[in-house]
$ cat upload38.cif   # mmCIF, C-alpha atoms and all ligand atoms
data_query
#
loop_
_atom_site.group_PDB
_atom_site.id
_atom_site.type_symbol
_atom_site.label_atom_id
_atom_site.label_comp_id
_atom_site.auth_asym_id
_atom_site.auth_seq_id
_atom_site.Cartn_x
_atom_site.Cartn_y
_atom_site.Cartn_z
ATOM 1 C CA MET A 1 76.460 -11.877 -6.979
ATOM 2 C CA LYS A 2 73.086 -11.784 -5.180
ATOM 3 C CA LYS A 3 70.376 -14.149 -6.364
ATOM 4 C CA ILE A 4 66.703 -13.225 -6.266
ATOM 5 C CA LEU A 5 63.620 -15.365 -6.852
ATOM 6 C CA ILE A 6 60.798 -13.889 -8.920
ATOM 7 C CA LEU A 7 57.460 -15.661 -8.626
ATOM 8 C CA GLY A 8 55.965 -15.115 -12.035
ATOM 9 C CA GLY A 9 53.120 -15.941 -14.359
ATOM 10 C CA THR A 10 52.308 -12.352 -15.370
ATOM 11 C CA GLY A 11 53.619 -9.874 -17.933
ATOM 12 C CA GLU A 12 54.955 -7.654 -15.156
ATOM 13 C CA ALA A 13 56.902 -10.550 -13.670
ATOM 14 C CA VAL A 14 58.624 -11.090 -17.020
ATOM 15 C CA SER A 15 59.425 -7.401 -17.268
ATOM 16 C CA LEU A 16 60.804 -7.298 -13.694
ATOM 17 C CA ALA A 17 62.944 -10.390 -14.334
ATOM 18 C CA GLU A 18 64.483 -8.795 -17.410
ATOM 19 C CA GLN A 19 65.165 -5.518 -15.645
ATOM 20 C CA PHE A 20 66.836 -7.268 -12.693
ATOM 21 C CA ARG A 21 68.794 -9.525 -15.034
ATOM 22 C CA ASP A 22 70.329 -6.426 -16.610
ATOM 23 C CA GLN A 23 71.814 -5.397 -13.249
ATOM 24 C CA LEU A 24 75.332 -6.779 -13.252
ATOM 25 C CA ASP A 25 75.422 -7.752 -9.590
ATOM 26 C CA ILE A 26 72.084 -9.594 -9.465
ATOM 27 C CA SER A 27 71.079 -12.939 -10.913
ATOM 28 C CA VAL A 28 67.469 -13.984 -11.292
ATOM 29 C CA ILE A 29 65.564 -17.232 -10.994
ATOM 30 C CA TYR A 30 62.134 -16.886 -12.581
ATOM 31 C CA SER A 31 59.540 -19.342 -11.337
ATOM 32 C CA LEU A 32 56.215 -20.253 -12.855
ATOM 33 C CA ALA A 33 53.532 -22.716 -11.861
ATOM 34 C CA GLY A 34 53.843 -24.508 -15.189
ATOM 35 C CA ARG A 35 50.164 -24.560 -16.135
ATOM 36 C CA THR A 36 50.434 -22.522 -19.362
ATOM 37 C CA ARG A 37 51.691 -24.498 -22.333
ATOM 38 C CA SER A 38 53.538 -21.674 -24.074
ATOM 39 C CA PRO A 39 54.129 -18.936 -21.499
ATOM 40 C CA THR A 40 56.049 -15.746 -22.192
ATOM 41 C CA LEU A 41 59.419 -16.192 -20.513
ATOM 42 C CA PRO A 42 62.220 -13.816 -19.585
ATOM 43 C CA ASP A 43 65.739 -14.544 -20.740
ATOM 44 C CA CYS A 44 67.122 -15.788 -17.407
ATOM 45 C CA GLU A 45 67.204 -18.971 -15.304
ATOM 46 C CA ILE A 46 63.730 -20.545 -15.314
ATOM 47 C CA ARG A 47 62.143 -23.093 -12.999
ATOM 48 C CA ARG A 48 58.682 -24.603 -13.479
ATOM 49 C CA GLY A 49 56.121 -26.183 -11.179
ATOM 50 C CA GLY A 50 55.133 -25.887 -7.536
ATOM 51 C CA PHE A 51 57.742 -25.898 -4.768
ATOM 52 C CA GLY A 52 55.747 -28.214 -2.518
ATOM 53 C CA GLY A 53 54.046 -25.747 -0.202
ATOM 54 C CA VAL A 54 55.726 -23.538 2.414
ATOM 55 C CA GLU A 55 58.137 -26.287 3.378
ATOM 56 C CA GLY A 56 59.300 -26.852 -0.195
ATOM 57 C CA LEU A 57 59.704 -23.142 -0.864
ATOM 58 C CA THR A 58 61.619 -22.630 2.394
ATOM 59 C CA ARG A 59 63.995 -25.414 1.373
ATOM 60 C CA PHE A 60 64.378 -23.951 -2.119
ATOM 61 C CA LEU A 61 65.246 -20.508 -0.701
ATOM 62 C CA ARG A 62 67.911 -21.985 1.568
ATOM 63 C CA GLU A 63 69.424 -24.392 -0.959
ATOM 64 C CA ASN A 64 69.667 -21.713 -3.643
ATOM 65 C CA ASP A 65 70.982 -19.003 -1.340
ATOM 66 C CA ILE A 66 68.212 -16.591 -2.356
ATOM 67 C CA ALA A 67 68.635 -13.006 -1.083
ATOM 68 C CA ALA A 68 65.069 -11.756 -1.675
ATOM 69 C CA VAL A 69 61.731 -12.940 -3.034
ATOM 70 C CA ILE A 70 59.655 -10.864 -5.409
ATOM 71 C CA ASP A 71 56.123 -12.109 -5.754
ATOM 72 C CA ALA A 72 54.800 -10.807 -9.061
ATOM 73 C CA THR A 73 52.118 -13.468 -9.445
ATOM 74 C CA HIS A 74 48.580 -12.585 -10.487
ATOM 75 C CA PRO A 75 46.572 -10.584 -7.882
ATOM 76 C CA TYR A 76 44.324 -13.655 -7.413
ATOM 77 C CA ALA A 77 47.140 -16.176 -6.829
ATOM 78 C CA LYS A 78 46.559 -16.084 -3.083
ATOM 79 C CA GLN A 79 47.968 -19.491 -2.148
ATOM 80 C CA MET A 80 51.346 -18.684 -3.675
ATOM 81 C CA ALA A 81 51.358 -15.286 -1.937
ATOM 82 C CA SER A 82 50.583 -16.876 1.410
ATOM 83 C CA ASN A 83 53.294 -19.524 0.938
ATOM 84 C CA ALA A 84 55.840 -16.864 -0.031
ATOM 85 C CA LEU A 85 55.014 -14.789 3.031
ATOM 86 C CA HIS A 86 55.438 -17.758 5.362
ATOM 87 C CA ALA A 87 58.618 -19.062 3.719
ATOM 88 C CA THR A 88 60.302 -15.637 3.744
ATOM 89 C CA THR A 89 59.312 -15.150 7.383
ATOM 90 C CA GLU A 90 60.826 -18.546 8.191
ATOM 91 C CA THR A 91 64.071 -17.670 6.376
ATOM 92 C CA SER A 92 64.113 -13.962 7.427
ATOM 93 C CA LEU A 93 64.304 -12.873 3.784
ATOM 94 C CA PRO A 94 62.852 -9.664 2.332
ATOM 95 C CA TYR A 95 59.540 -10.299 0.577
ATOM 96 C CA TYR A 96 58.262 -7.815 -1.998
ATOM 97 C CA LYS A 97 54.915 -8.028 -3.674
ATOM 98 C CA PHE A 98 54.233 -6.420 -7.023
ATOM 99 C CA LEU A 99 50.548 -5.819 -7.721
ATOM 100 C CA ARG A 100 49.416 -4.118 -10.882
ATOM 101 C CA PRO A 101 46.956 -1.307 -10.111
ATOM 102 C CA ALA A 102 43.344 -2.475 -9.951
ATOM 103 C CA TRP A 103 40.743 -1.212 -12.417
ATOM 104 C CA LEU A 104 38.557 1.560 -11.033
ATOM 105 C CA GLU A 105 34.814 1.149 -10.804
ATOM 106 C CA PRO A 106 33.108 3.739 -13.034
ATOM 107 C CA GLU A 107 30.903 6.061 -10.969
ATOM 108 C CA GLN A 108 28.232 6.180 -13.677
ATOM 109 C CA ALA A 109 28.112 2.382 -14.125
ATOM 110 C CA PRO A 110 28.754 0.716 -10.753
ATOM 111 C CA TRP A 111 29.773 -2.937 -10.734
ATOM 112 C CA ILE A 112 27.973 -5.691 -8.881
ATOM 113 C CA ARG A 113 30.831 -6.458 -6.502
ATOM 114 C CA VAL A 114 31.264 -9.910 -5.020
ATOM 115 C CA SER A 115 34.043 -11.614 -3.124
ATOM 116 C CA SER A 116 33.952 -15.041 -4.761
ATOM 117 C CA ALA A 117 32.845 -16.941 -7.843
ATOM 118 C CA ASP A 118 30.178 -18.671 -5.717
ATOM 119 C CA GLU A 119 28.715 -15.276 -4.854
ATOM 120 C CA ALA A 120 28.846 -14.307 -8.546
ATOM 121 C CA ALA A 121 26.818 -17.422 -9.392
ATOM 122 C CA GLU A 122 24.209 -16.443 -6.773
ATOM 123 C CA LYS A 123 23.840 -13.009 -8.387
ATOM 124 C CA ILE A 124 23.222 -14.599 -11.798
ATOM 125 C CA GLN A 125 20.712 -17.239 -10.733
ATOM 126 C CA GLY A 126 17.211 -16.325 -11.936
ATOM 127 C CA ARG A 127 18.275 -12.864 -13.194
ATOM 128 C CA PHE A 128 20.525 -13.341 -16.212
ATOM 129 C CA GLY A 129 20.524 -15.835 -19.073
ATOM 130 C CA ARG A 130 23.632 -15.248 -21.209
ATOM 131 C CA VAL A 131 26.894 -14.737 -19.346
ATOM 132 C CA PHE A 132 30.335 -13.809 -20.597
ATOM 133 C CA LEU A 133 32.556 -15.623 -18.086
ATOM 134 C CA SER A 134 35.943 -13.986 -18.459
ATOM 135 C CA SER A 135 37.225 -14.731 -14.967
ATOM 136 C CA GLY A 136 39.499 -17.626 -15.899
ATOM 137 C CA LEU A 137 39.124 -21.387 -15.795
ATOM 138 C CA ASN A 138 39.951 -21.875 -12.084
ATOM 139 C CA ASP A 139 36.481 -20.915 -10.895
ATOM 140 C CA VAL A 140 34.211 -22.248 -13.640
ATOM 141 C CA ALA A 141 32.908 -25.061 -11.423
ATOM 142 C CA ALA A 142 31.179 -22.460 -9.222
ATOM 143 C CA PHE A 143 28.667 -21.870 -12.053
ATOM 144 C CA ALA A 144 27.871 -25.525 -12.775
ATOM 145 C CA ALA A 145 24.527 -25.483 -10.933
ATOM 146 C CA LEU A 146 23.117 -22.757 -13.233
ATOM 147 C CA THR A 147 21.345 -25.103 -15.625
ATOM 148 C CA GLU A 148 19.166 -22.369 -17.192
ATOM 149 C CA VAL A 149 22.108 -20.136 -18.076
ATOM 150 C CA TRP A 150 24.325 -20.129 -21.181
ATOM 151 C CA PHE A 151 27.991 -19.182 -20.756
ATOM 152 C CA LEU A 152 30.609 -17.831 -23.105
ATOM 153 C CA VAL A 153 33.910 -18.890 -21.512
ATOM 154 C CA ARG A 154 37.150 -17.301 -22.708
ATOM 155 C CA SER A 155 40.593 -18.484 -21.683
ATOM 156 C CA ILE A 156 44.182 -18.353 -22.916
ATOM 157 C CA GLU A 157 44.593 -22.103 -22.637
ATOM 158 C CA GLU A 158 42.533 -25.025 -23.874
ATOM 159 C CA PRO A 159 40.519 -26.104 -20.787
ATOM 160 C CA SER A 160 42.064 -29.041 -18.971
ATOM 161 C CA PRO A 161 40.183 -30.678 -17.315
ATOM 162 C CA PRO A 162 37.268 -29.980 -19.684
ATOM 163 C CA ILE A 163 34.722 -27.325 -18.730
ATOM 164 C CA PHE A 164 31.837 -28.785 -16.783
ATOM 165 C CA LEU A 165 28.909 -26.440 -17.411
ATOM 166 C CA PRO A 166 25.416 -27.348 -18.641
ATOM 167 C CA ASN A 167 25.397 -24.863 -21.569
ATOM 168 C CA PHE A 168 28.436 -23.070 -22.877
ATOM 169 C CA SER A 169 30.747 -22.126 -25.734
ATOM 170 C CA HIS A 170 34.475 -21.763 -25.268
ATOM 171 C CA ILE A 171 36.826 -19.337 -26.995
ATOM 172 C CA LYS A 172 40.583 -19.711 -26.758
ATOM 173 C CA ALA A 173 42.138 -16.264 -27.078
ATOM 174 C CA ARG A 174 45.005 -14.276 -25.616
ATOM 175 C CA GLY A 175 44.816 -10.476 -25.159
ATOM 176 C CA PRO A 176 45.321 -7.683 -25.760
ATOM 177 C CA PHE A 177 41.709 -7.228 -26.818
ATOM 178 C CA ASN A 178 40.214 -4.040 -28.224
ATOM 179 C CA GLU A 179 36.874 -2.417 -27.518
ATOM 180 C CA ASP A 180 35.418 -2.925 -31.006
ATOM 181 C CA GLY A 181 36.170 -6.637 -30.876
ATOM 182 C CA GLU A 182 34.751 -6.956 -27.385
ATOM 183 C CA ARG A 183 31.554 -5.108 -28.364
ATOM 184 C CA ALA A 184 31.097 -7.465 -31.306
ATOM 185 C CA LEU A 185 31.560 -10.446 -28.997
ATOM 186 C CA PHE A 186 28.898 -9.152 -26.573
ATOM 187 C CA LEU A 187 26.439 -8.463 -29.410
ATOM 188 C CA ASP A 188 27.064 -11.646 -31.423
ATOM 189 C CA HIS A 189 26.466 -13.802 -28.355
ATOM 190 C CA LYS A 190 23.607 -11.678 -26.960
ATOM 191 C CA ILE A 191 25.450 -11.384 -23.642
ATOM 192 C CA ASP A 192 23.429 -9.867 -20.798
ATOM 193 C CA ILE A 193 26.066 -9.916 -18.027
ATOM 194 C CA LEU A 194 29.864 -9.974 -17.758
ATOM 195 C CA VAL A 195 31.740 -11.763 -14.962
ATOM 196 C CA SER A 196 35.295 -10.550 -14.440
ATOM 197 C CA LYS A 197 38.135 -10.517 -11.961
ATOM 198 C CA ASN A 198 39.754 -7.175 -11.214
ATOM 199 C CA SER A 199 42.996 -8.181 -12.905
ATOM 200 C CA GLY A 200 44.079 -4.638 -13.767
ATOM 201 C CA GLY A 201 46.362 -3.830 -16.683
ATOM 202 C CA SER A 202 45.474 -2.830 -20.200
ATOM 203 C CA ALA A 203 45.432 -6.177 -22.030
ATOM 204 C CA THR A 204 41.929 -7.232 -20.966
ATOM 205 C CA GLN A 205 40.330 -3.963 -19.880
ATOM 206 C CA ALA A 206 38.466 -3.402 -23.170
ATOM 207 C CA LYS A 207 35.688 -5.800 -22.111
ATOM 208 C CA LEU A 208 34.779 -3.363 -19.307
ATOM 209 C CA HIS A 209 34.632 -0.424 -21.689
ATOM 210 C CA ALA A 210 32.531 -2.443 -24.137
ATOM 211 C CA ALA A 211 30.143 -3.577 -21.389
ATOM 212 C CA GLN A 212 29.719 -0.001 -20.174
ATOM 213 C CA ALA A 213 29.105 1.290 -23.714
ATOM 214 C CA LEU A 214 26.426 -1.368 -24.248
ATOM 215 C CA SER A 215 24.921 -0.888 -20.731
ATOM 216 C CA ILE A 216 25.690 -4.512 -19.898
ATOM 217 C CA PRO A 217 26.127 -5.014 -16.138
ATOM 218 C CA VAL A 218 29.417 -6.287 -14.718
ATOM 219 C CA ILE A 219 29.850 -8.689 -11.829
ATOM 220 C CA MET A 220 33.325 -7.977 -10.455
ATOM 221 C CA ILE A 221 34.953 -10.596 -8.251
ATOM 222 C CA ASP A 222 37.024 -8.473 -5.881
ATOM 223 C CA ARG A 223 40.718 -9.117 -5.320
ATOM 224 C CA PRO A 224 41.648 -11.202 -2.309
ATOM 225 C CA PRO A 225 43.182 -9.117 0.471
ATOM 226 C CA VAL A 226 46.960 -8.697 0.469
ATOM 227 C CA THR A 227 48.295 -10.663 3.412
ATOM 228 C CA GLY A 228 51.842 -9.342 3.670
ATOM 229 C CA GLY A 229 55.063 -8.223 2.075
ATOM 230 C CA THR A 230 56.127 -4.766 1.011
ATOM 231 C CA VAL A 231 53.670 -3.938 -1.749
ATOM 232 C CA PHE A 232 54.517 -1.975 -4.913
ATOM 233 C CA ASP A 233 52.498 -1.116 -7.998
ATOM 234 C CA ASP A 234 55.439 0.630 -9.660
ATOM 235 C CA GLN A 235 58.215 -1.539 -11.075
ATOM 236 C CA ALA A 236 60.935 1.140 -10.938
ATOM 237 C CA LEU A 237 60.284 1.818 -7.248
ATOM 238 C CA LEU A 238 60.324 -1.873 -6.448
ATOM 239 C CA ILE A 239 63.662 -2.354 -8.224
ATOM 240 C CA LYS A 240 65.137 0.631 -6.410
ATOM 241 C CA GLN A 241 63.966 -0.696 -3.041
ATOM 242 C CA VAL A 242 65.355 -4.190 -3.685
ATOM 243 C CA ARG A 243 68.691 -2.753 -4.737
ATOM 244 C CA GLN A 244 68.900 -0.736 -1.529
ATOM 245 C CA THR A 245 68.034 -3.752 0.614
ATOM 246 C CA ILE A 246 70.008 -6.760 -0.627
HETATM 247 P P1 LIG B 1 47.719 -20.175 -6.460
HETATM 248 O O1 LIG B 1 46.371 -20.765 -6.257
HETATM 249 O O2 LIG B 1 48.103 -19.026 -5.613
HETATM 250 O O3 LIG B 1 48.860 -21.277 -6.269
HETATM 251 C C1 LIG B 1 48.599 -22.679 -6.248
HETATM 252 C C2 LIG B 1 49.935 -23.405 -6.242
HETATM 253 O O4 LIG B 1 50.560 -23.309 -7.527
HETATM 254 C C3 LIG B 1 50.948 -22.821 -5.273
HETATM 255 O O5 LIG B 1 50.717 -23.276 -3.952
HETATM 256 C C4 LIG B 1 52.244 -23.317 -5.871
HETATM 257 O O6 LIG B 1 52.428 -24.703 -5.627
HETATM 258 C C5 LIG B 1 51.969 -23.192 -7.369
HETATM 259 N N1 LIG B 1 52.395 -21.917 -7.931
HETATM 260 C C6 LIG B 1 51.651 -20.791 -8.166
HETATM 261 N N2 LIG B 1 52.380 -19.832 -8.713
HETATM 262 C C7 LIG B 1 53.629 -20.332 -8.838
HETATM 263 C C8 LIG B 1 54.858 -19.819 -9.333
HETATM 264 N N3 LIG B 1 54.935 -18.575 -9.872
HETATM 265 N N4 LIG B 1 55.962 -20.624 -9.293
HETATM 266 C C9 LIG B 1 55.884 -21.883 -8.780
HETATM 267 N N5 LIG B 1 54.752 -22.425 -8.306
HETATM 268 C C10 LIG B 1 53.646 -21.663 -8.328
HETATM 269 O O7 LIG B 1 47.936 -19.794 -7.978
HETATM 270 P P2 LIG B 1 46.884 -19.747 -9.196
HETATM 271 O O8 LIG B 1 45.881 -18.697 -8.931
HETATM 272 O O9 LIG B 1 46.443 -21.144 -9.492
HETATM 273 O O10 LIG B 1 47.863 -19.225 -10.340
HETATM 274 C C11 LIG B 1 48.881 -20.056 -10.868
HETATM 275 C C12 LIG B 1 49.794 -19.213 -11.725
HETATM 276 O O11 LIG B 1 49.040 -18.612 -12.768
HETATM 277 C C13 LIG B 1 50.474 -18.090 -10.956
HETATM 278 O O12 LIG B 1 51.834 -18.084 -11.333
HETATM 279 C C14 LIG B 1 49.762 -16.830 -11.393
HETATM 280 O O13 LIG B 1 50.619 -15.723 -11.460
HETATM 281 C C15 LIG B 1 49.229 -17.212 -12.764
HETATM 282 N N6 LIG B 1 47.939 -16.583 -13.086
HETATM 283 C C16 LIG B 1 46.882 -16.706 -12.234
HETATM 284 C C17 LIG B 1 45.671 -16.097 -12.548
HETATM 285 C C18 LIG B 1 44.468 -16.183 -11.612
HETATM 286 O O14 LIG B 1 43.402 -15.633 -11.962
HETATM 287 N N7 LIG B 1 44.577 -16.815 -10.448
HETATM 288 C C19 LIG B 1 45.547 -15.364 -13.736
HETATM 289 C C20 LIG B 1 46.656 -15.253 -14.585
HETATM 290 C C21 LIG B 1 47.842 -15.869 -14.245
HETATM 291 P P3 LIG B 1 53.297 -25.240 -4.384
HETATM 292 O O15 LIG B 1 52.461 -25.028 -3.167
HETATM 293 O O16 LIG B 1 53.538 -26.675 -4.711
HETATM 294 O O17 LIG B 1 54.553 -24.445 -4.326
#

$ encode --input "upload38.cif" --output "structure tokens" --more "lines below"
Ligand code: NAP
Amino acid sequence: MKKILILGGTGEAVSLAEQFRDQLDISVIYSLAGRTRSPTLPDCEIRRGGFGGVEGLTRFLRENDIAAVIDATHPYAKQMASNALHATTETSLPYYKFLRPAWLEPEQAPWIRVSSADEAAEKIQGRFGRVFLSSGLNDVAAFAALTEVWFLVRSIEEPSPPIFLPNFSHIKARGPFNEDGERALFLDHKIDILVSKNSGGSATQAKLHAAQALSIPVIMIDRPPVTGGTVFDDQALLIKQVRQTI
């Protein structure tokens, strides 16, 4: 029986884990960072929490006799991706990266594209007053200097540590969201700009459609570059490739 490690934390990772688990000759360890209090989990062996950098992951791969690593973390989880690349290089293991397809920029309503949350904050300063910050809690600190701006912050989890922004409201909500609901949110809070990551997938895309319908500009924080691994955006193809390799 071959054992594979799936680096998770996304819906696609759960789906991949369950599909691999159903293959009789493969067993799956599903790993998550352990930050979400009630994550969706596949029905297979689960481990939680960091490995302890490249060294810790390399040790884990050896001690658990892992045959391949599938990194299905979020497109913005770049530290984990880098660690996985280095640890699989060190152990000469196949490393596959699943990335859900990115959202496409609408030709008729181009995004303001930036490469970091800091750059997003620069674009807002002095131009916008009411921001829907939907880019997750990791980067909120980048907006702390914008004392004249009010933020609507939405996240799946209760913020911990607390949000440190001069003026804000927080909503705890988990997608999928629909366009009508997102429009109402924009209008109720008099939002004049949306900040988003290009997460892809359908669960949170409605905010982009709502912003476009209301002619509200979008600051899109671009995905970090992919640094390595064999990249797939199709789960069936990835599974086929893994099966042929291990
Ligand atoms: P990150 O910056 O790339 O990773 C930071 C550290 O967290 C890693 O070095 C690793 O610790 C640990 N870690 C991350 N993913 C892990 C996993 N699947 N299993 C075990 N340890 C993991 O990651 P992040 O952006 O903070 O994201 C953390 C988790 O949330 C990921 O699983 C990701 O899929 C999910 N997520 C992220 C976003 C986002 O916008 N970044 C959005 C939705 C979900 P060690 O170095 O100690 O091994």

$ resolve_selection --input "upload38.cif" --expression "the PyMOL selection byres (((not hetatm)) within 6 of (chain B and resi 1))" --output "count of residues only"
20

$ atom_distance --input "upload38.cif" --atom1 "atom CA of A:Thr89" --atom2 "atom CA of A:Phe20"
22.8 Å

$ atom_distance --input "upload38.cif" --atom1 "atom CA of A:Arg47" --atom2 "atom CA of A:Pro94"
20.4 Å

$ resolve_selection --input "upload38.cif" --expression "the PyMOL selection byres (((chain A and resi 2) around 8) and not hetatm)" --output "list in words"
Met1, Lys3, Ile4, Asp25, Ile26, Ser27, Ile66, Ala67 and Ile246 of chain A

$ closest_residue --input "upload38.cif" --among "A:Lys197, A:Arg48, A:Arg100, A:Arg154" --to "A:Ile112" --atoms "only C-alpha atoms"
A:Lys197

$ resolve_selection --input "upload38.cif" --expression "the PyMOL selection byres (((chain A and resi 46) around 10) and not hetatm)" --output "MDAnalysis selection string"
chainID A and resid 5:6 28:32 41:45 47:48

$ atom_distance --input "upload38.cif" --atom1 "atom CA of A:Val54" --atom2 "atom CA of A:Gly11"
24.6 Å

$ residues_around --input "upload38.cif" --residues "A:Leu185" --least-positions-apart "4" --cutoff "10 Å" --atoms "only C-alpha atoms" --output "number ranges by chain"
A: 132, 152, 179-181, 189-191, 207, 210

$ write_last_selection --input "upload38.cif" --atoms "C-alpha atoms" --output "compact mmCIF listing (two decimals), keeping the file's coordinate frame"
# COMPACT_ATOMS: atom_id res chain seq x y z
CA PHE A 132 30.34 -13.81 -20.60
CA LEU A 152 30.61 -17.83 -23.10
CA GLU A 179 36.87 -2.42 -27.52
CA ASP A 180 35.42 -2.92 -31.01
CA GLY A 181 36.17 -6.64 -30.88
CA HIS A 189 26.47 -13.80 -28.36
CA LYS A 190 23.61 -11.68 -26.96
CA ILE A 191 25.45 -11.38 -23.64
CA LYS A 207 35.69 -5.80 -22.11
CA ALA A 210 32.53 -2.44 -24.14

$ closest_residue --input "upload38.cif" --among "A:Ala72, A:Ile171, A:Ile193, A:Leu137" --to "A:Asp233" --atoms "all atoms listed in the file"
A:Ala72

$ closest_residue --input "upload38.cif" --among "A:Ile124, A:Phe60, A:Asp139, A:Phe177" --to "A:Pro159" --atoms "all atoms listed in the file"
A:Asp139

$ closest_residue --input "upload38.cif" --among "A:Ala203, A:Ala68, A:Leu208, A:Arg174" --to "A:Glu105" --atoms "all atoms listed in the file"
A:Leu208

$ residues_around --input "upload38.cif" --residues "A:Phe164" --least-positions-apart "6" --cutoff "8 Å" --atoms "only C-alpha atoms" --output "list in words"
Val140, Ala141 and Ala144 of chain A

$ closest_residue --input "upload38.cif" --among "A:Asn178, A:Glu148, A:Glu122, A:Ser199" --to "A:Pro166" --atoms "only C-alpha atoms"
A:Glu148

$ residues_around --input "upload38.cif" --residues "A:Ser116" --least-positions-apart "5" --cutoff "12 Å" --atoms "only C-alpha atoms" --output "number ranges by chain"
A: 76, 121-123, 135, 138-140, 142-143, 195-198, 219-224

$ closest_residue --input "upload38.cif" --among "A:Pro110, A:Tyr95, A:Glu119, A:Glu157" --to "A:Ser82" --atoms "only C-alpha atoms"
A:Tyr95

$ residues_around --input "upload38.cif" --residues "A:Ile156" --least-positions-apart "4" --cutoff "12 Å" --atoms "all atoms listed in the file" --output "ChimeraX atom specification"
/A:35-39,134-137,160,170-176,204

$ residues_around --input "upload38.cif" --residues "A:Val149" --least-positions-apart "6" --cutoff "10 Å" --atoms "all atoms listed in the file" --output "NGL selection string"
:A and (124-131 or 143 or 165-168)

$ write_last_selection --input "upload38.cif" --atoms "C-alpha atoms" --output "PDB file, in the coordinates of the input"
ATOM      1  CA  ILE A 124      23.222 -14.599 -11.798  1.00  0.00           C
ATOM      2  CA  GLN A 125      20.712 -17.239 -10.733  1.00  0.00           C
ATOM      3  CA  GLY A 126      17.211 -16.325 -11.936  1.00  0.00           C
ATOM      4  CA  ARG A 127      18.275 -12.864 -13.194  1.00  0.00           C
ATOM      5  CA  PHE A 128      20.525 -13.341 -16.212  1.00  0.00           C
ATOM      6  CA  GLY A 129      20.524 -15.835 -19.073  1.00  0.00           C
ATOM      7  CA  ARG A 130      23.632 -15.248 -21.209  1.00  0.00           C
ATOM      8  CA  VAL A 131      26.894 -14.737 -19.346  1.00  0.00           C
ATOM      9  CA  PHE A 143      28.667 -21.870 -12.053  1.00  0.00           C
ATOM     10  CA  LEU A 165      28.909 -26.440 -17.411  1.00  0.00           C
ATOM     11  CA  PRO A 166      25.416 -27.348 -18.641  1.00  0.00           C
ATOM     12  CA  ASN A 167      25.397 -24.863 -21.569  1.00  0.00           C
ATOM     13  CA  PHE A 168      28.436 -23.070 -22.877  1.00  0.00           C
TER      14      PHE A 168
END

$ build_atoms --input "upload38.cif" --residues "stretch 58-70 of chain A" --atoms "N, CA and C atoms" --output "mmCIF file, in the frame of the given file"
data_model
loop_
_atom_site.group_PDB
_atom_site.id
_atom_site.type_symbol
_atom_site.label_atom_id
_atom_site.label_comp_id
_atom_site.auth_asym_id
_atom_site.auth_seq_id
_atom_site.Cartn_x
_atom_site.Cartn_y
_atom_site.Cartn_z
ATOM 1 N N THR A 58 60.594 -22.974 1.390
ATOM 2 C CA THR A 58 61.619 -22.630 2.394
ATOM 3 C C THR A 58 62.930 -23.351 2.065
ATOM 4 N N ARG A 59 62.799 -24.632 1.722
ATOM 5 C CA ARG A 59 63.995 -25.414 1.373
ATOM 6 C C ARG A 59 64.661 -24.833 0.128
ATOM 7 N N PHE A 60 63.834 -24.508 -0.859
ATOM 8 C CA PHE A 60 64.378 -23.951 -2.119
ATOM 9 C C PHE A 60 65.152 -22.658 -1.837
ATOM 10 N N LEU A 61 64.599 -21.803 -1.001
ATOM 11 C CA LEU A 61 65.246 -20.508 -0.701
ATOM 12 C C LEU A 61 66.606 -20.733 -0.041
ATOM 13 N N ARG A 62 66.648 -21.705 0.860
ATOM 14 C CA ARG A 62 67.911 -21.985 1.568
ATOM 15 C C ARG A 62 68.923 -22.622 0.621
ATOM 16 N N GLU A 63 68.485 -23.638 -0.104
ATOM 17 C CA GLU A 63 69.424 -24.392 -0.959
ATOM 18 C C GLU A 63 69.991 -23.532 -2.081
ATOM 19 N N ASN A 64 69.223 -22.540 -2.515
ATOM 20 C CA ASN A 64 69.667 -21.713 -3.643
ATOM 21 C C ASN A 64 70.237 -20.367 -3.198
ATOM 22 N N ASP A 65 70.356 -20.202 -1.891
ATOM 23 C CA ASP A 65 70.982 -19.003 -1.340
ATOM 24 C C ASP A 65 70.318 -17.725 -1.880
ATOM 25 N N ILE A 66 68.987 -17.731 -1.829
ATOM 26 C CA ILE A 66 68.212 -16.591 -2.356
ATOM 27 C C ILE A 66 68.314 -15.405 -1.376
ATOM 28 N N ALA A 67 68.483 -14.203 -1.930
ATOM 29 C CA ALA A 67 68.635 -13.006 -1.083
ATOM 30 C C ALA A 67 67.322 -12.254 -0.892
ATOM 31 N N ALA A 68 66.370 -12.433 -1.812
ATOM 32 C CA ALA A 68 65.069 -11.756 -1.675
ATOM 33 C C ALA A 68 64.062 -12.440 -2.600
ATOM 34 N N VAL A 69 62.801 -12.360 -2.211
ATOM 35 C CA VAL A 69 61.731 -12.940 -3.034
ATOM 36 C C VAL A 69 60.833 -11.818 -3.517
ATOM 37 N N ILE A 70 60.586 -11.834 -4.825
ATOM 38 C CA ILE A 70 59.655 -10.864 -5.409
ATOM 39 C C ILE A 70 58.464 -11.643 -5.957
#
